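> Supplied structure: target-v9.cif, mmCIF, C-alpha atoms.
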```
data_coords
loop_
_atom_site.label_atom_id
_atom_site.label_comp_id
_atom_site.auth_asym_id
_atom_site.auth_seq_id
_atom_site.Cartn_x
_atom_site.Cartn_y
_atom_site.Cartn_z
CA GLY Q 1 -15.74 -6.93 26.98
CA LEU Q 2 -13.55 -5.56 24.21
CA ILE Q 3 -15.57 -7.01 21.31
CA ALA Q 4 -18.96 -6.07 22.80
CA GLN Q 5 -17.93 -2.45 23.31
CA ALA Q 6 -16.30 -2.18 19.90
CA PHE Q 7 -19.47 -3.33 18.09
CA ARG Q 8 -22.04 -1.36 20.10
CA GLN Q 9 -23.12 0.41 16.90
CA TYR Q 10 -25.19 -2.70 16.14
CA GLU Q 11 -26.95 -3.05 19.51
CA ASN Q 12 -30.24 -1.60 18.23
CA ASP Q 13 -30.14 -3.26 14.82
CA LYS Q 14 -32.84 -5.93 14.83
CA ASN Q 15 -31.45 -7.53 11.66
CA ILE Q 16 -27.97 -8.18 13.08
CA LEU Q 17 -27.02 -9.98 16.28
CA ILE Q 18 -23.42 -9.59 17.42
CA PHE Q 19 -22.64 -12.54 19.66
CA ALA Q 20 -19.90 -11.13 21.89
CA SER Q 21 -20.64 -12.89 25.16
CA GLY Q 22 -18.62 -16.00 25.63
CA VAL Q 23 -15.29 -17.48 26.66
CA SER Q 24 -12.87 -14.55 26.69
CA SER Q 25 -9.60 -16.24 27.60
CA SER Q 26 -7.88 -19.27 26.16
CA LYS Q 27 -5.62 -19.45 29.24
CA THR Q 28 -8.34 -19.67 31.89
CA CYS Q 29 -10.99 -21.50 29.89
CA THR Q 30 -12.88 -24.18 31.81
CA VAL Q 31 -15.49 -26.78 30.89
CA PHE Q 32 -18.02 -24.65 32.79
CA ASP Q 33 -17.18 -21.62 30.62
CA CYS Q 34 -17.56 -23.69 27.46
CA ASN Q 35 -20.88 -25.17 28.52
CA ARG Q 36 -22.22 -21.75 29.52
CA GLU Q 37 -21.40 -20.26 26.11
CA GLU Q 38 -22.80 -23.26 24.26
CA GLU Q 39 -26.10 -23.02 26.15
CA LEU Q 40 -26.29 -19.28 25.47
CA ILE Q 41 -25.59 -19.74 21.76
CA LYS Q 42 -28.21 -22.48 21.40
CA LYS Q 43 -30.81 -20.40 23.28
CA THR Q 44 -29.97 -17.35 21.16
CA LEU Q 45 -30.33 -19.30 17.92
CA LYS Q 46 -33.63 -20.79 19.10
CA ASP Q 47 -35.09 -17.42 20.05
CA CYS Q 48 -33.71 -15.47 17.11
CA ASN Q 49 -35.59 -14.53 13.95
CA LYS Q 50 -34.40 -16.77 11.13
CA GLN Q 51 -33.61 -13.70 8.99
CA THR Q 52 -31.35 -12.17 11.63
CA LEU Q 53 -27.68 -12.25 10.73
CA ILE Q 54 -25.73 -13.98 13.51
CA VAL Q 55 -22.17 -12.67 13.85
CA TYR Q 56 -19.87 -14.85 15.95
CA PHE Q 57 -16.24 -14.23 16.87
CA SER Q 58 -13.94 -17.21 16.89
CA SER Q 59 -10.16 -17.52 16.78
CA CYS Q 60 -7.52 -17.86 14.08
CA GLY Q 61 -5.69 -20.05 16.60
CA ILE Q 62 -7.85 -22.95 15.43
CA ALA Q 63 -5.38 -23.22 12.54
CA ASN Q 64 -2.44 -23.71 14.93
CA ALA Q 65 -1.47 -27.39 14.91
CA ASN Q 66 0.02 -26.99 18.40
CA LEU Q 67 -3.40 -26.10 19.82
CA VAL Q 68 -5.57 -28.88 18.35
CA ASN Q 69 -6.01 -30.47 21.78
CA ASP Q 70 -6.52 -27.21 23.67
CA ILE Q 71 -9.97 -27.01 25.33
CA TYR Q 72 -10.54 -23.40 24.25
CA TYR Q 73 -9.88 -24.03 20.55
CA ILE Q 74 -11.79 -27.31 20.54
CA HIS Q 75 -14.70 -25.36 22.01
CA LYS Q 76 -14.44 -22.53 19.45
CA GLN Q 77 -14.46 -25.06 16.60
CA ARG Q 78 -17.51 -26.73 18.12
CA MET Q 79 -19.36 -23.40 18.44
CA GLU Q 80 -18.63 -22.64 14.79
CA ASN Q 81 -20.21 -25.97 13.88
CA VAL Q 82 -23.26 -25.30 16.07
CA ILE Q 83 -23.85 -21.89 14.49
CA GLN Q 84 -23.46 -23.17 10.96
CA ALA Q 85 -25.79 -26.11 11.66
CA TYR Q 86 -28.59 -24.17 13.36
CA SER Q 87 -28.46 -20.68 11.84
CA ASP Q 88 -29.88 -19.71 8.45
CA LYS Q 89 -27.73 -16.57 8.22
CA SER Q 90 -24.36 -16.20 9.88
CA ILE Q 91 -20.84 -14.91 9.54
CA ILE Q 92 -18.07 -16.33 11.68
CA PHE Q 93 -15.07 -14.05 12.10
CA ARG Q 94 -11.91 -15.75 13.26
CA LEU Q 95 -9.71 -13.13 14.89
CA SER Q 96 -5.98 -13.05 15.52
CA TYR Q 97 -4.53 -11.37 18.67
CA VAL Q 98 -6.72 -8.30 19.14
CA VAL Q 99 -5.47 -5.26 21.06
CA GLY Q 100 -7.72 -2.48 22.36
CA SER Q 101 -8.26 -0.10 25.23
CA VAL Q 102 -10.40 -2.51 27.24
CA GLY Q 103 -7.89 -4.54 29.18
CA ASN Q 104 -7.91 -8.30 29.62
CA PRO Q 105 -4.87 -9.31 31.70
CA SER Q 106 -4.78 -12.77 30.12
CA THR Q 107 -4.15 -11.48 26.59
CA LEU Q 108 -0.63 -11.68 25.19
CA PHE Q 109 -0.24 -7.93 24.71
CA GLN Q 110 -1.42 -6.91 28.18
CA TYR Q 111 0.58 -9.71 29.78
CA LEU Q 112 3.76 -8.40 28.17
CA VAL Q 113 2.94 -4.77 28.99
CA ASN Q 114 2.30 -5.64 32.64
CA LYS Q 115 5.46 -7.74 32.98
CA ILE Q 116 7.68 -5.11 31.34
CA LYS Q 117 6.18 -2.14 33.23
CA SER Q 118 6.45 -3.90 36.59
CA GLN Q 119 9.94 -5.21 35.77
CA GLU Q 120 8.84 -8.75 36.55
CA GLU Q 121 10.78 -11.58 34.96
CA PHE Q 122 8.98 -13.69 32.36
CA ASP Q 123 9.75 -16.35 29.75
CA LEU Q 124 10.22 -14.95 26.25
CA TRP Q 125 9.33 -17.42 23.52
CA SER Q 126 12.03 -16.21 21.17
CA GLY Q 127 11.24 -16.88 17.51
CA ALA Q 128 7.54 -17.55 18.05
CA LYS Q 129 5.34 -15.43 15.79
CA ARG Q 130 1.98 -13.88 16.58
CA ASN Q 131 -0.45 -11.85 14.51
CA ILE Q 132 -1.49 -8.68 16.34
CA ILE Q 133 -4.31 -6.45 15.14
CA ASP Q 134 -5.93 -3.24 16.39
CA ILE Q 135 -9.58 -3.64 17.47
CA ASP Q 136 -10.43 -0.57 15.37
CA ASP Q 137 -9.22 -2.38 12.25
CA VAL Q 138 -11.21 -5.48 13.22
CA VAL Q 139 -14.35 -3.32 13.44
CA SER Q 140 -13.61 -1.64 10.10
CA ILE Q 141 -13.13 -4.93 8.26
CA ALA Q 142 -16.02 -6.79 9.93
CA SER Q 143 -18.40 -3.85 9.40
CA TYR Q 144 -17.46 -3.69 5.73
CA VAL Q 145 -18.27 -7.38 5.38
CA ILE Q 146 -21.59 -7.02 7.23
CA GLN Q 147 -22.75 -3.85 5.48
CA ASN Q 148 -21.90 -5.16 2.02
CA ASP Q 149 -23.56 -8.56 2.56
CA LEU Q 150 -20.35 -10.47 1.95
CA PHE Q 151 -19.45 -14.04 2.94
CA GLU Q 152 -22.85 -15.08 4.27
CA ASN Q 153 -22.63 -18.44 6.08
CA GLU Q 154 -18.86 -18.44 5.71
CA ILE Q 155 -15.84 -18.25 8.00
CA VAL Q 156 -13.64 -15.18 7.53
CA ASN Q 157 -10.21 -14.67 9.06
CA ILE Q 158 -9.51 -11.11 10.22
CA ALA Q 159 -5.83 -10.55 10.88
CA ASN Q 160 -2.92 -8.24 10.30
CA LEU Q 161 -1.32 -8.83 6.90
CA ASN Q 162 2.00 -9.44 8.67
CA ASP Q 163 3.10 -11.46 11.69
CA ASN Q 164 5.53 -10.28 14.37
CA THR Q 165 7.87 -12.29 16.53
CA ILE Q 166 7.33 -12.09 20.27
CA ASP Q 167 10.86 -10.65 20.39
CA GLU Q 168 9.70 -7.71 18.24
CA VAL Q 169 6.67 -7.10 20.42
CA VAL Q 170 8.80 -7.07 23.58
CA ARG Q 171 11.32 -4.71 21.99
CA GLU Q 172 8.62 -2.25 20.94
CA ILE Q 173 6.97 -2.23 24.37
CA SER Q 174 10.33 -1.90 26.11
CA SER Q 175 11.30 0.94 23.80
CA TYR Q 176 8.02 2.74 24.48
CA PHE Q 177 8.52 2.65 28.24
CA LYS Q 178 12.28 3.16 27.89
CA ILE Q 179 13.05 0.19 30.13
CA SER Q 180 14.63 -3.20 29.54
CA ALA Q 181 12.49 -6.29 29.77
CA LYS Q 182 13.57 -8.85 32.34
CA CYS Q 183 13.08 -12.11 30.54
CA SER Q 184 14.47 -15.58 30.15
CA ILE Q 185 14.96 -16.55 26.51
CA ILE Q 186 13.31 -19.79 25.43
CA LYS Q 187 13.82 -20.72 21.79
CA CYS Q 188 10.53 -21.52 20.15
CA SER Q 189 9.13 -22.03 16.65
CA ASP Q 190 5.42 -21.85 17.48
CA ASN Q 191 4.22 -20.38 14.18
CA TYR Q 192 1.24 -20.93 11.90
CA SER Q 193 -0.12 -19.21 8.82
CA ILE Q 194 -3.46 -17.38 8.59
CA ASP Q 195 -5.29 -17.32 5.28
CA ILE Q 196 -6.29 -13.68 4.72
CA ASP Q 197 -7.08 -13.81 1.00
CA LYS Q 198 -10.75 -12.97 1.63
CA ILE Q 199 -10.00 -9.69 3.37
CA LYS Q 200 -7.14 -8.41 1.22
CA PRO Q 201 -9.45 -6.54 -1.20
CA ILE Q 202 -11.28 -5.07 1.80
CA VAL Q 203 -8.06 -3.90 3.40
CA SER Q 204 -7.22 -2.20 0.12
CA SER Q 205 -10.68 -0.62 -0.20
CA LEU Q 206 -10.49 0.73 3.35
CA ASP Q 207 -6.91 1.89 2.80
CA LEU Q 208 -5.76 0.25 6.03
CA ASP Q 209 -2.05 0.42 6.70
CA PHE Q 210 -0.52 -2.83 7.94
CA GLY Q 211 3.00 -1.67 7.07
CA VAL Q 212 6.29 -1.82 8.94
CA ASN Q 213 5.19 0.70 11.58
CA TYR Q 214 1.90 -1.02 12.43
CA LEU Q 215 3.15 -2.70 15.60
CA LYS Q 216 4.77 0.52 16.77
CA SER Q 217 1.50 2.38 16.26
CA ILE Q 218 -0.43 -0.19 18.32
CA VAL Q 219 2.10 0.04 21.14
CA ALA Q 220 1.92 3.84 21.16
CA LYS Q 221 -1.88 3.78 21.02
CA TYR Q 222 -2.63 1.25 23.72
CA CYS Q 223 0.34 0.76 26.07
CA ASP Q 224 -0.91 3.36 28.57
CA ASN Q 225 -4.51 2.17 28.42
CA VAL Q 226 -4.51 -1.63 28.71
#
```
Is it possible to give me this structure as structure tokens?


Amino acid sequence: GLIAQAFRQYENDKNILIFASGVSSSKTCTVFDCNREEELIKKTLKDCNKQTLIVYFSSCGIANANLVNDIYYIHKQRMENVIQAYSDKSIIFRLSYVVGSVGNPSTLFQYLVNKIKSQEEFDLWSGAKRNIIDIDDVVSIASYVIQNDLFENEIVNIANLNDNTIDEVVREISSYFKISAKCSIIKCSDNYSIDIDKIKPIVSSLDLDFGVNYLKSIVAKYCDNV
């Protein structure tokens, strides 16, 4: 998957375990998927050296009040609790909407790219905001945290410093392909805030640019690859 490939630099590091095998889609998540990941996490924690740093990837969507009853986010919260209860050393990274070159058709970005490219009609949640971040920036921030021994046994949100409306994402993708999106407008205010205070100094240290052209750069970088 996207996360596993992005963090392959750690695959031979016996002091760090990147847990990147789990439930990959909030849209197709089943009880079976949740149980499978829970069993794998518990087995991993049981077999792992107590001094090994366990790195788990969760979701910033846990903070979305509209998703509190969603099976995927309930599961992610539960897995966070399991790791914190049974691991001596861990970091849990909650991620926003990650975009990379490894495609997952259920992700928001690839869904929109596929619908716009194929000229299929879709519902546009106009006004809804999402936080989109490049997988390369996720790796940079997470690696900085790991390598500098920061936030041990804590939960850290990794997200873009700015949100975008779904309307903006659709416009950028449409502009890139020079075609008009065929969509039905549905007014929506599905927004939630992500606390990124922990990573702001890191973003500054790494000189990452989350400015006004960030979304455009992601679209140009990944639209032909997802």

> For each of Q:Ser96, Q:Asn69, Q:Thr107, Q:Asn49, take the minimum atom-to-atom distance to Ile158 of chain Q, counting all atoms listed in the file, then give the residue where this is smallest.

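So, comparing all the options, the nearest one is Q:Ser96.
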
> Record the distance separating atom CA of Gln110 of chain Q and atom CA of Lys129 of chain Q, expressed in Å with one decimal.

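One can read the atom CA of Gln110 of chain Q to atom CA of Lys129 of chain Q distance as 16.5 Å.
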
> Go ahead and compute the interatomic distance for atom CA of Ile41 of chain Q and atom CA of Glu154 of chain Q, in Å to one decimal.

17.5 Å

> Of the residues Q:Ile186, Q:Val82, Q:Leu124, Q:Ile196, which is the one nearest to Ile166 of chain Q, using only C-alpha atoms?

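Among Q:Ile186, Q:Val82, Q:Leu124, Q:Ile196, it is Q:Leu124 that comes nearest to Ile166 of chain Q.
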
> For Gln147 of chain Q, please output as a PyMOL selection string all residues within 12 Å (counting only C-alpha atoms; exclusion window: fewer than 6 positions along the same chain).

chain Q and resi 10+13+15-16+53+91+139-141

> List the residues matched by the PyMOL selection byres ((chain Q and resi 57) around 6) in the displayed structure as JSON, numbers by chain, ordered by chain and then by residue number.

{"Q": [56, 58, 92, 93, 94]}

> Pick the closest to Glu121 of chain Q from Q:Ala4, Q:Ile54, Q:Ile185, Q:Ile218: which is it, counting all atoms listed in the file?

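Using all atoms listed in the file, Glu121 of chain Q sits closest to Q:Ile185.
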
> Counting only C-alpha atoms, figure out which residue out of Q:Leu40, Q:Leu112, Q:Lys198, Q:Val219 gets nearest to Ser175 of chain Q.

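When distances to Ser175 of chain Q are compared using only C-alpha atoms, the smallest one comes from Q:Val219.
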
> Return as a PyMOL selection string the set of residues that the PyMOL selection byres ((chain Q and resi 63) around 8) yields on the displayed structure.

chain Q and resi 60-62+64-65+192-194

> How would you write as a PDB file with C-alpha atoms, keeping the file's coordinate frame the residues that get within 10 Å of (-21.8, -11.2, 3.9) in the file's frame, counting all atoms listed in the file?


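So part-v4.pdb came out as:
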```pdb
ATOM      1  CA  LEU Q  53     -27.680 -12.250  10.730  1.00  0.00           C
ATOM      2  CA  LYS Q  89     -27.730 -16.570   8.220  1.00  0.00           C
ATOM      3  CA  SER Q  90     -24.360 -16.200   9.880  1.00  0.00           C
ATOM      4  CA  ILE Q  91     -20.840 -14.910   9.540  1.00  0.00           C
ATOM      5  CA  ALA Q 142     -16.020  -6.790   9.930  1.00  0.00           C
ATOM      6  CA  SER Q 143     -18.400  -3.850   9.400  1.00  0.00           C
ATOM      7  CA  TYR Q 144     -17.460  -3.690   5.730  1.00  0.00           C
ATOM      8  CA  VAL Q 145     -18.270  -7.380   5.380  1.00  0.00           C
ATOM      9  CA  ILE Q 146     -21.590  -7.020   7.230  1.00  0.00           C
ATOM     10  CA  GLN Q 147     -22.750  -3.850   5.480  1.00  0.00           C
ATOM     11  CA  ASN Q 148     -21.900  -5.160   2.020  1.00  0.00           C
ATOM     12  CA  ASP Q 149     -23.560  -8.560   2.560  1.00  0.00           C
ATOM     13  CA  LEU Q 150     -20.350 -10.470   1.950  1.00  0.00           C
ATOM     14  CA  PHE Q 151     -19.450 -14.040   2.940  1.00  0.00           C
ATOM     15  CA  GLU Q 152     -22.850 -15.080   4.270  1.00  0.00           C
ATOM     16  CA  ASN Q 153     -22.630 -18.440   6.080  1.00  0.00           C
ATOM     17  CA  GLU Q 154     -18.860 -18.440   5.710  1.00  0.00           C
ATOM     18  CA  VAL Q 156     -13.640 -15.180   7.530  1.00  0.00           C
TER      19      VAL Q 156
END
```

> Pick out the closest residue to Ser180 of chain Q from this set: Q:Val68, Q:Asn81, Q:Lys115, Q:Asn104. Count only C-alpha atoms.

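Ranked by minimum distance to Ser180 of chain Q, first place goes to Q:Lys115.
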
> Quick one: distance from atom CA of Arg171 of chain Q to atom CA of Asp195 of chain Q in Å, one decimal?

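Atom-to-atom, atom CA of Arg171 of chain Q to atom CA of Asp195 of chain Q, that is 26.7 Å.
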